[in-house]
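With compact mmCIF, C-alpha atoms inside, this is run18.txt:
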# COMPACT_ATOMS: atom_id res chain seq x y z
CA MET A 18 87.09 104.97 82.20
CA GLY A 19 85.58 105.60 78.81
CA LYS A 20 86.03 102.43 76.77
CA GLY A 21 86.17 104.40 73.52
CA GLU A 22 89.49 106.08 74.37
CA LEU A 23 91.52 103.86 72.06
CA ALA A 24 88.73 102.98 69.63
CA PRO A 25 89.35 103.88 65.98
CA GLY A 26 87.95 106.85 64.11
CA PHE A 27 84.48 108.10 64.94
CA LEU A 28 84.20 105.88 68.05
CA ARG A 29 86.87 107.94 69.81
CA ARG A 30 84.66 110.49 71.60
CA ALA A 31 84.06 111.60 75.19
CA PRO A 32 81.06 110.28 77.14
CA HIS A 33 78.07 112.63 76.99
CA GLY A 34 77.72 115.02 79.91
CA TRP A 35 81.25 114.63 81.28
CA VAL A 36 83.15 117.86 82.10
CA PRO A 37 86.53 118.91 80.67
CA GLY A 38 89.60 118.81 82.88
CA ARG A 39 93.23 117.76 82.94
CA VAL A 40 95.00 114.80 84.50
CA PHE A 41 98.62 114.53 85.61
CA THR A 42 100.49 111.33 86.53
CA SER A 43 103.12 110.63 89.19
CA ASP A 44 104.89 107.57 90.63
CA ARG A 45 104.26 106.05 87.24
CA SER A 46 105.38 102.94 85.42
CA ILE A 47 104.76 102.40 81.72
CA SER A 48 105.51 99.17 79.94
CA GLN A 49 104.68 97.18 76.84
CA ASP A 50 103.89 93.65 77.92
CA GLU A 51 101.99 90.77 76.44
CA PRO A 52 98.59 91.26 78.17
CA ALA A 53 98.47 94.88 76.97
CA GLN A 54 99.47 94.38 73.37
CA THR A 55 96.24 93.31 71.77
CA GLY A 56 92.73 92.02 72.37
CA VAL A 57 90.88 92.57 75.64
CA TYR A 58 92.49 93.57 78.96
CA HIS A 59 90.12 93.70 81.94
CA ASP A 60 87.20 94.08 79.50
CA ARG A 61 88.86 97.04 77.80
CA ARG A 62 89.31 96.82 74.04
CA VAL A 63 92.73 98.05 73.06
CA SER A 64 94.57 98.60 69.83
CA SER A 65 97.45 96.36 68.81
CA LEU A 66 100.88 97.46 70.07
CA SER A 67 99.57 99.59 72.93
CA ALA A 68 101.09 99.85 76.41
CA MET A 69 100.11 99.70 80.07
CA LEU A 70 100.41 102.75 82.33
CA GLU A 71 100.27 102.34 86.13
CA ALA A 72 100.31 105.60 88.07
CA ASP A 73 98.71 107.98 90.52
CA PHE A 74 96.33 110.14 88.50
CA ARG A 75 95.73 113.73 89.72
CA VAL A 76 92.56 115.16 88.19
CA VAL A 77 92.21 118.93 87.88
CA VAL A 78 88.83 120.44 86.98
CA PRO A 79 88.42 124.24 87.14
CA GLY A 80 86.37 125.25 90.16
CA ARG A 81 86.62 121.85 91.85
CA THR A 82 88.90 120.28 94.43
CA GLU A 83 91.75 118.25 92.94
CA HIS A 84 91.38 114.50 93.25
CA THR A 85 94.09 111.80 93.10
CA PHE A 86 93.58 108.08 92.58
CA TYR A 87 95.63 105.06 91.50
CA ASP A 88 94.80 103.28 88.23
CA ASP A 89 96.31 101.08 85.53
CA ARG A 90 95.20 101.90 82.02
CA VAL A 91 95.83 100.77 78.47
CA VAL A 92 97.48 103.70 76.65
CA PRO A 93 98.80 104.49 73.14
CA GLN A 94 102.20 103.24 72.07
CA TRP A 95 103.56 106.75 71.48
CA LEU A 96 103.84 107.28 75.25
CA LEU A 97 106.77 104.83 75.28
CA ASP A 98 110.27 106.23 74.90
CA VAL A 99 111.89 103.16 73.38
CA GLY A 100 113.66 104.47 70.32
CA TRP A 101 111.31 103.65 67.47
CA PRO A 102 109.18 106.34 65.73
CA SER A 103 105.52 105.81 66.63
CA GLY A 104 102.74 108.03 65.33
CA LYS A 105 99.35 108.89 66.76
CA ARG A 106 98.06 105.41 65.90
CA TRP A 107 100.06 102.21 66.44
CA TYR A 108 100.28 101.61 62.68
CA GLN A 109 101.59 105.11 61.88
CA VAL A 110 105.25 106.17 61.71
CA ARG A 111 106.65 109.48 62.93
CA LEU A 112 109.99 110.59 61.52
CA LYS A 113 110.37 113.79 63.51
CA PRO A 114 111.72 113.84 67.10
CA GLN A 115 109.76 111.96 69.75
CA THR A 116 110.61 111.18 73.37
CA GLY A 117 107.44 109.58 74.75
CA MET A 118 105.30 110.75 77.66
CA LEU A 119 106.11 114.14 79.21
CA ALA A 120 104.62 114.14 82.71
CA ARG A 121 104.76 117.92 83.04
CA LEU A 122 102.21 118.32 80.22
CA GLY A 123 99.53 116.09 81.65
CA PHE A 124 96.63 114.99 79.43
CA PRO A 125 93.38 116.73 78.48
CA CYS A 126 90.47 114.66 79.73
CA PHE A 127 86.75 114.56 80.50
CA VAL A 128 85.55 113.70 84.01
CA ASP A 129 82.42 111.92 85.19
CA PRO A 130 80.52 114.49 87.33
CA ALA A 131 79.24 111.66 89.53
CA ASN A 132 82.66 110.06 90.12
CA VAL A 133 85.90 112.01 89.51
CA SER A 134 87.83 108.73 89.40
CA ASN A 135 86.15 108.03 86.06
CA ILE A 136 88.07 109.91 83.40
CA TRP A 137 88.17 109.75 79.60
CA ILE A 138 91.53 110.91 78.24
CA ASP A 139 91.57 112.67 74.87
CA TRP A 140 94.61 110.92 73.44
CA ASP A 141 94.34 112.69 70.06
CA ALA A 142 94.59 116.12 71.71
CA ALA A 143 97.32 114.85 74.06
CA TYR A 144 99.36 113.64 71.10
CA GLU A 145 99.17 117.04 69.36
CA GLU A 146 100.34 118.76 72.57
CA HIS A 147 103.24 116.33 72.88
CA VAL A 148 104.26 116.91 69.25
CA VAL A 149 104.76 120.61 69.97
CA ALA A 150 106.77 119.84 73.13
CA TRP A 151 108.88 117.11 71.47
CA GLU A 152 109.89 119.38 68.61
CA GLN A 153 110.69 122.27 70.92
CA GLU A 154 112.85 120.10 73.20
CA ALA A 155 114.70 118.59 70.23
CA ALA A 156 115.35 122.03 68.72
CA ILE A 157 116.69 123.35 72.04
CA ASP A 158 118.92 120.28 72.52
CA LYS A 159 120.26 120.70 68.97
CA LYS A 160 121.14 124.35 69.57
CA MET A 161 122.72 123.54 72.94
CA ALA A 162 124.92 120.88 71.36
CA LYS A 163 126.04 123.38 68.73
CA ARG A 164 126.82 125.96 71.41
CA ARG A 165 128.69 123.45 73.58
CA GLY A 166 130.82 122.21 70.72
CA GLY A 167 133.56 119.68 71.36
CA VAL A 168 133.40 115.96 70.67
CA ASN A 169 130.00 115.47 72.34
CA GLY A 170 128.52 118.38 70.43
CA THR A 171 129.82 117.03 67.14
CA LEU A 172 128.51 113.53 67.82
CA ASP A 173 125.14 114.92 68.87
CA ARG A 174 124.81 116.85 65.62
CA ILE A 175 125.83 113.83 63.57
CA PHE A 176 123.50 111.33 65.22
CA SER A 177 120.57 113.59 66.09
CA ASN A 178 117.27 113.29 64.23
CA PRO A 179 117.79 114.88 60.78
CA PHE A 180 114.22 116.22 60.86
CA THR A 181 114.89 118.35 63.95
CA ARG A 182 114.01 121.97 63.26
CA ASP A 183 116.01 125.04 64.33
CA VAL A 184 115.05 127.07 67.38
CA THR A 185 112.76 130.04 66.97
CA PRO A 186 113.82 133.49 68.23
CA ALA A 187 111.51 133.03 71.22
CA GLU A 188 113.21 129.72 72.08
CA ALA A 189 116.73 131.18 71.94
CA ALA A 190 116.28 132.53 75.48
CA LEU A 191 115.39 129.01 76.65
CA VAL A 192 118.70 127.76 75.24
CA GLU A 193 120.62 130.28 77.34
CA GLN A 194 118.54 129.35 80.40
CA ARG A 195 119.17 125.62 79.95
CA ILE A 196 122.91 126.12 79.51
CA ALA A 197 123.05 128.21 82.69
CA GLU A 198 121.06 125.57 84.58
CA GLU A 199 123.36 122.77 83.39
CA ASP A 200 126.44 124.76 84.36
CA ALA A 201 124.98 125.36 87.82
CA THR A 202 124.15 121.67 88.17
CA ASN A 203 127.67 120.65 87.19
CA VAL A 204 129.13 123.04 89.77
CA ASP A 205 126.78 121.60 92.40
CA ILE A 206 127.88 118.05 91.53
CA ARG A 207 131.55 118.93 91.85
CA GLN A 208 130.94 120.70 95.16
CA ARG A 209 128.94 117.75 96.47
CA PHE A 210 131.69 115.31 95.50
CA THR A 211 134.28 117.52 97.21
CA ALA A 212 132.19 117.88 100.39
CA GLN A 213 131.58 114.14 100.58
CA ASP A 214 135.25 113.49 100.01
CA HIS A 215 136.22 115.85 102.83
CA ALA A 216 133.62 114.30 105.11
CA ALA A 217 134.96 110.85 104.39
CA GLN A 218 138.51 111.92 105.11
CA ALA A 219 137.46 113.57 108.38
CA SER A 220 135.46 110.60 109.61
CA ALA A 221 136.86 107.62 111.46
CA VAL A 222 137.14 105.34 108.44
CA SER A 223 139.97 103.17 107.32
CA PRO A 224 142.55 104.66 104.96
CA GLU A 225 141.65 101.93 102.46
CA GLU A 226 137.97 102.95 102.34
CA ALA A 227 138.84 106.64 102.10
CA ALA A 228 141.20 105.87 99.22
CA GLU A 229 138.53 103.81 97.44
CA LEU A 230 135.97 106.60 97.77
CA GLU A 231 138.48 109.06 96.38
CA ARG A 232 139.22 106.69 93.48
CA ARG A 233 135.52 106.46 92.68
CA ARG A 234 135.16 110.23 92.82
CA VAL A 235 138.02 110.74 90.39
CA GLU A 236 136.66 108.00 88.13
CA ALA A 237 133.17 109.55 88.13
CA GLU A 238 134.59 112.97 87.25
CA ARG A 239 136.63 111.46 84.41
CA ILE A 240 133.62 109.67 82.92
CA PHE A 241 131.48 112.77 83.39
CA ALA A 242 134.07 114.89 81.54
CA THR A 243 134.91 112.47 78.71
CA GLY A 244 131.96 110.09 78.43
CA ARG A 245 129.26 109.93 75.80
CA GLU A 246 125.85 111.03 77.10
CA VAL A 247 122.75 108.88 76.47
CA GLN A 248 119.28 108.66 77.94
CA ALA A 249 118.59 105.76 80.32
CA ARG A 250 115.54 104.40 82.10
CA VAL A 251 115.91 103.42 85.78
CA LEU A 252 114.97 99.74 86.18
CA SER A 253 115.77 99.27 89.88
CA ASN A 254 117.13 101.27 92.80
CA SER A 255 117.92 99.48 96.06
CA VAL A 256 120.36 99.58 98.99
CA ASN A 257 122.72 96.63 98.70
CA GLY A 258 123.59 96.39 102.42
CA ARG A 259 127.20 97.52 102.09
CA THR A 260 128.82 100.84 103.01
CA LEU A 261 131.91 102.70 101.88
CA ALA A 262 133.46 105.24 104.24
CA GLY A 263 130.22 105.13 106.21
CA ILE A 264 128.07 105.86 103.15
CA PRO A 265 125.39 103.29 102.16
CA LEU A 266 125.95 101.85 98.69
CA ILE A 267 122.97 101.69 96.34
CA ASN A 268 122.62 99.44 93.31
CA ILE A 269 120.95 101.26 90.42
CA ARG A 270 120.21 99.35 87.22
CA PHE A 271 119.66 101.31 84.01
CA GLU A 272 118.37 100.45 80.56
CA LEU A 273 120.39 102.52 78.09
CA LEU A 274 118.05 103.74 75.35
CA GLU A 275 120.45 103.03 72.55
CA ASP A 276 119.87 101.03 69.39
CA PRO A 277 119.54 98.31 70.49
CA PRO A 278 118.76 99.09 74.15
CA ARG A 279 121.01 97.42 76.74
CA ARG A 280 121.14 97.15 80.53
CA VAL A 281 123.98 98.10 82.85
CA GLY A 282 124.41 98.28 86.62
CA HIS A 283 125.90 101.11 88.64
CA GLU A 284 126.91 101.11 92.32
CA TYR A 285 125.99 104.58 93.53
CA CYS A 286 128.20 105.67 96.44
CA TRP A 287 127.02 109.21 97.18
CA GLY A 288 124.25 108.48 99.64
CA ARG A 289 120.54 107.73 99.71
CA ARG A 290 119.52 111.34 99.20
CA GLY A 291 121.36 111.53 95.90
CA ALA A 292 120.08 108.11 94.82
CA ALA A 293 116.50 109.29 95.42
CA ALA A 294 116.84 111.38 92.25
CA TYR A 295 116.69 108.12 90.25
CA PRO A 296 113.30 106.51 90.97
CA VAL A 297 112.26 103.41 89.03
CA GLY A 298 110.79 104.31 85.67
CA LYS A 299 112.43 107.74 85.38
CA VAL A 300 114.42 108.53 82.22
CA VAL A 301 117.67 110.34 83.02
CA PRO A 302 120.91 111.20 81.22
CA VAL A 303 124.00 109.10 81.96
CA ARG A 304 127.49 109.14 80.52
CA ILE A 305 129.34 106.07 79.28
CA ASP A 306 133.05 105.54 79.89
CA PRO A 307 134.79 105.75 76.48
CA ASN A 308 137.14 102.99 77.66
CA ASP A 309 134.50 100.62 79.08
CA PRO A 310 130.92 100.48 77.73
CA GLU A 311 129.76 98.81 80.97
CA ALA A 312 130.97 101.71 83.18
CA ILE A 313 128.62 104.68 83.51
CA THR A 314 127.98 107.65 85.77
CA PRO A 315 124.81 109.76 86.13
CA ALA A 316 125.08 112.92 84.02
CA LYS A 317 123.04 115.05 86.45
Same coordinates, now as structure tokens:
Amino acid sequence: MGKGELAPGFLRRAPHGWVPGRVFTSDRSISQDEPAQTGVYHDRRVSSLSAMLEADFRVVVPGRTEHTFYDDRVVPQWLLDVGWPSGKRWYQVRLKPQTGMLARLGFPCFVDPANVSNIWIDWDAAYEEHVVAWEQEAAIDKKMAKRRGGVNGTLDRIFSNPFTRDVTPAEAALVEQRIAEEDATNVDIRQRFTAQDHAAQASAVSPEEAAELERRRVEAERIFATGREVQARVLSNSVNGRTLAGIPLINIRFELLEDPPRRVGHEYCWGRRGAAAYPVGKVVPVRIDPNDPEAITPAK
């Protein structure tokens, strides 16, 4: 990697002769831990309050075959989605909406022609691209909350970032598309719950287990309908060795990205396929039981 990626000012420039490309990450984990905060990490000089990104990096260069490799790299603090407003540099503050790294965007980079695993990421350009995406997403979410109305819509408007802009005419169509997608997802969730409930009732399970599965289904629907939605990062996802009505139970632990953040556990009882939608490190919406802050259900 280019060691000047995180260097200040005029030192932040691509190595001579490297070709422009783009890099996308998957199966990623990003954290802010002591070895990555300051000083030297594996002979890489980093700025104070940076983070560590571990991921599969897929490098795309026009006219060349795509190449994927695993790496761990020191990255800017603004890639973290931890609730505080971080600017382009660790010492800068951003007041407008920010939600950390967006994997779909990827990062502009320069690639070593002799070794495509050597990449220099242009973090300044990546930040400017993320700013555009952050502000668009926040504006769409704001408009969706206004359209949805109700208690959740009111709370979202009250507690949303006051610097969030309004949607542009071009983005209005995206609002309609997102609402339609959410409605379709909610219908799919209800149908899946119903199908699993019928399957449980039809299988040779004890009446007690069938009743417990039905109780959990009703409870999940109640929390989904009445709960407050927040973003949460998946900390762990593992089968706990128990079953309910023949369905493996999975323990999923979330970090709720509130102020301050807090951790809660959830026993997922809708099968391994559904639980696969919550890989470690992914940020997803969940809803919190208004009667019990420790009880949650996935919002999608």
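Here CA of Pro37 in chain A and CA of Cys126 in chain A stand 5.9 Å from one another.
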Discussion item. Between A:Leu70, A:Ala316, A:Val40, A:Ala190, which residue has the minimum interatomic distance to Ser134 in chain A, considering all atoms listed in the file?
Written reply: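 So, comparing all the options, the nearest one is A:Val40.
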Worksheet entry | For Ser43 in chain A, the nearest of the candidates A:Ala156, A:Asn268, A:Val128, A:Gly298, counting only C-alpha atoms |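 Closest to Ser43 in chain A of all the choices is A:Gly298.
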Item to complete: Tell me, in Å to one decimal, how far CA of Lys159 in chain A is from CA of Glu199 in chain A.
Response: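 Going from CA of Lys159 in chain A over to CA of Glu199 in chain A covers 14.9 Å.
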Please identify all polymer residues lying at most 6 Å from the point (88.8, 114.4, 77.1) (file coordinates), using only C-alpha atoms, and present the result as a short mmCIF file (atom, residue, chain, number, x, y, z; two decimals) with C-alpha atoms, keeping the file's coordinate frame.
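Everything below was put into part-v7.cif:
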data_model
loop_
_atom_site.label_atom_id
_atom_site.label_comp_id
_atom_site.auth_asym_id
_atom_site.auth_seq_id
_atom_site.Cartn_x
_atom_site.Cartn_y
_atom_site.Cartn_z
CA ALA A 31 84.06 111.60 75.19
CA PRO A 125 93.38 116.73 78.48
CA CYS A 126 90.47 114.66 79.73
CA PHE A 127 86.75 114.56 80.50
CA TRP A 137 88.17 109.75 79.60
CA ILE A 138 91.53 110.91 78.24
CA ASP A 139 91.57 112.67 74.87
#
Close residues, range 78-86 of chain A itself excluded, 8 Å, all atoms listed in the file, min 5 positions apart in chain, as a PDB file with C-alpha atoms, in the coordinates of the input:
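To be explicit, this is the file written out as result_18.pdb:
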ATOM      1  CA  VAL A  36      83.150 117.860  82.100  1.00  0.00           C
ATOM      2  CA  PRO A  37      86.530 118.910  80.670  1.00  0.00           C
ATOM      3  CA  GLY A  38      89.600 118.810  82.880  1.00  0.00           C
ATOM      4  CA  ARG A  39      93.230 117.760  82.940  1.00  0.00           C
ATOM      5  CA  ASP A  73      98.710 107.980  90.520  1.00  0.00           C
ATOM      6  CA  VAL A 133      85.900 112.010  89.510  1.00  0.00           C
ATOM      7  CA  SER A 134      87.830 108.730  89.400  1.00  0.00           C
TER       8      SER A 134
END
Worksheet item: Using only C-alpha atoms, which residues sit within 12 Å of Gly291 in chain A once same-chain residues fewer than 2 positions away are excluded, as number ranges by chain?
Response: A: 205-206, 209-210, 213, 254, 264-267, 269, 285-289, 293-296, 315, 317
Worksheet item: Excluding same-chain residues fewer than 3 positions from Asp306 in chain A, what lies within 9 Å of it counting only C-alpha atoms, as a VMD selection string?
Response: chain A and resid 239 to 241 243 to 245 309 to 314
With a cut-off of 12 Å, could you pull out the residues of range 164-266 of chain A touching range 103-122 of chain A and give me the nearest pair of atoms for each, distance in Å to one decimal, using only C-alpha atoms, ordered by chain and ascending number, as CSV?
residue,atom,partner,partner_atom,distance
A:Ser177,CA,A:Pro114,CA,8.9
A:Asn178,CA,A:Pro114,CA,6.3
A:Pro179,CA,A:Lys113,CA,8.0
A:Phe180,CA,A:Lys113,CA,5.3
A:Thr181,CA,A:Pro114,CA,6.3
A:Arg182,CA,A:Lys113,CA,9.0
A:Gln248,CA,A:Thr116,CA,10.1
A:Ala249,CA,A:Thr116,CA,11.9
Item to complete: Mind giving me the straight-line distance from CA of Thr185 in chain A to CA of Gln153 in chain A in Å, one decimal?
Response: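 These two atoms are separated by 9.0 Å.
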Item to complete: Name the closest residue to Asp158 in chain A among the candidates A:Tyr144, A:Pro277, A:Val192, A:Ala187; distances are taken between atoms, counting all atoms listed in the file.
Response: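 Checking each candidate against Asp158 in chain A, we get A:Val192 as the closest.
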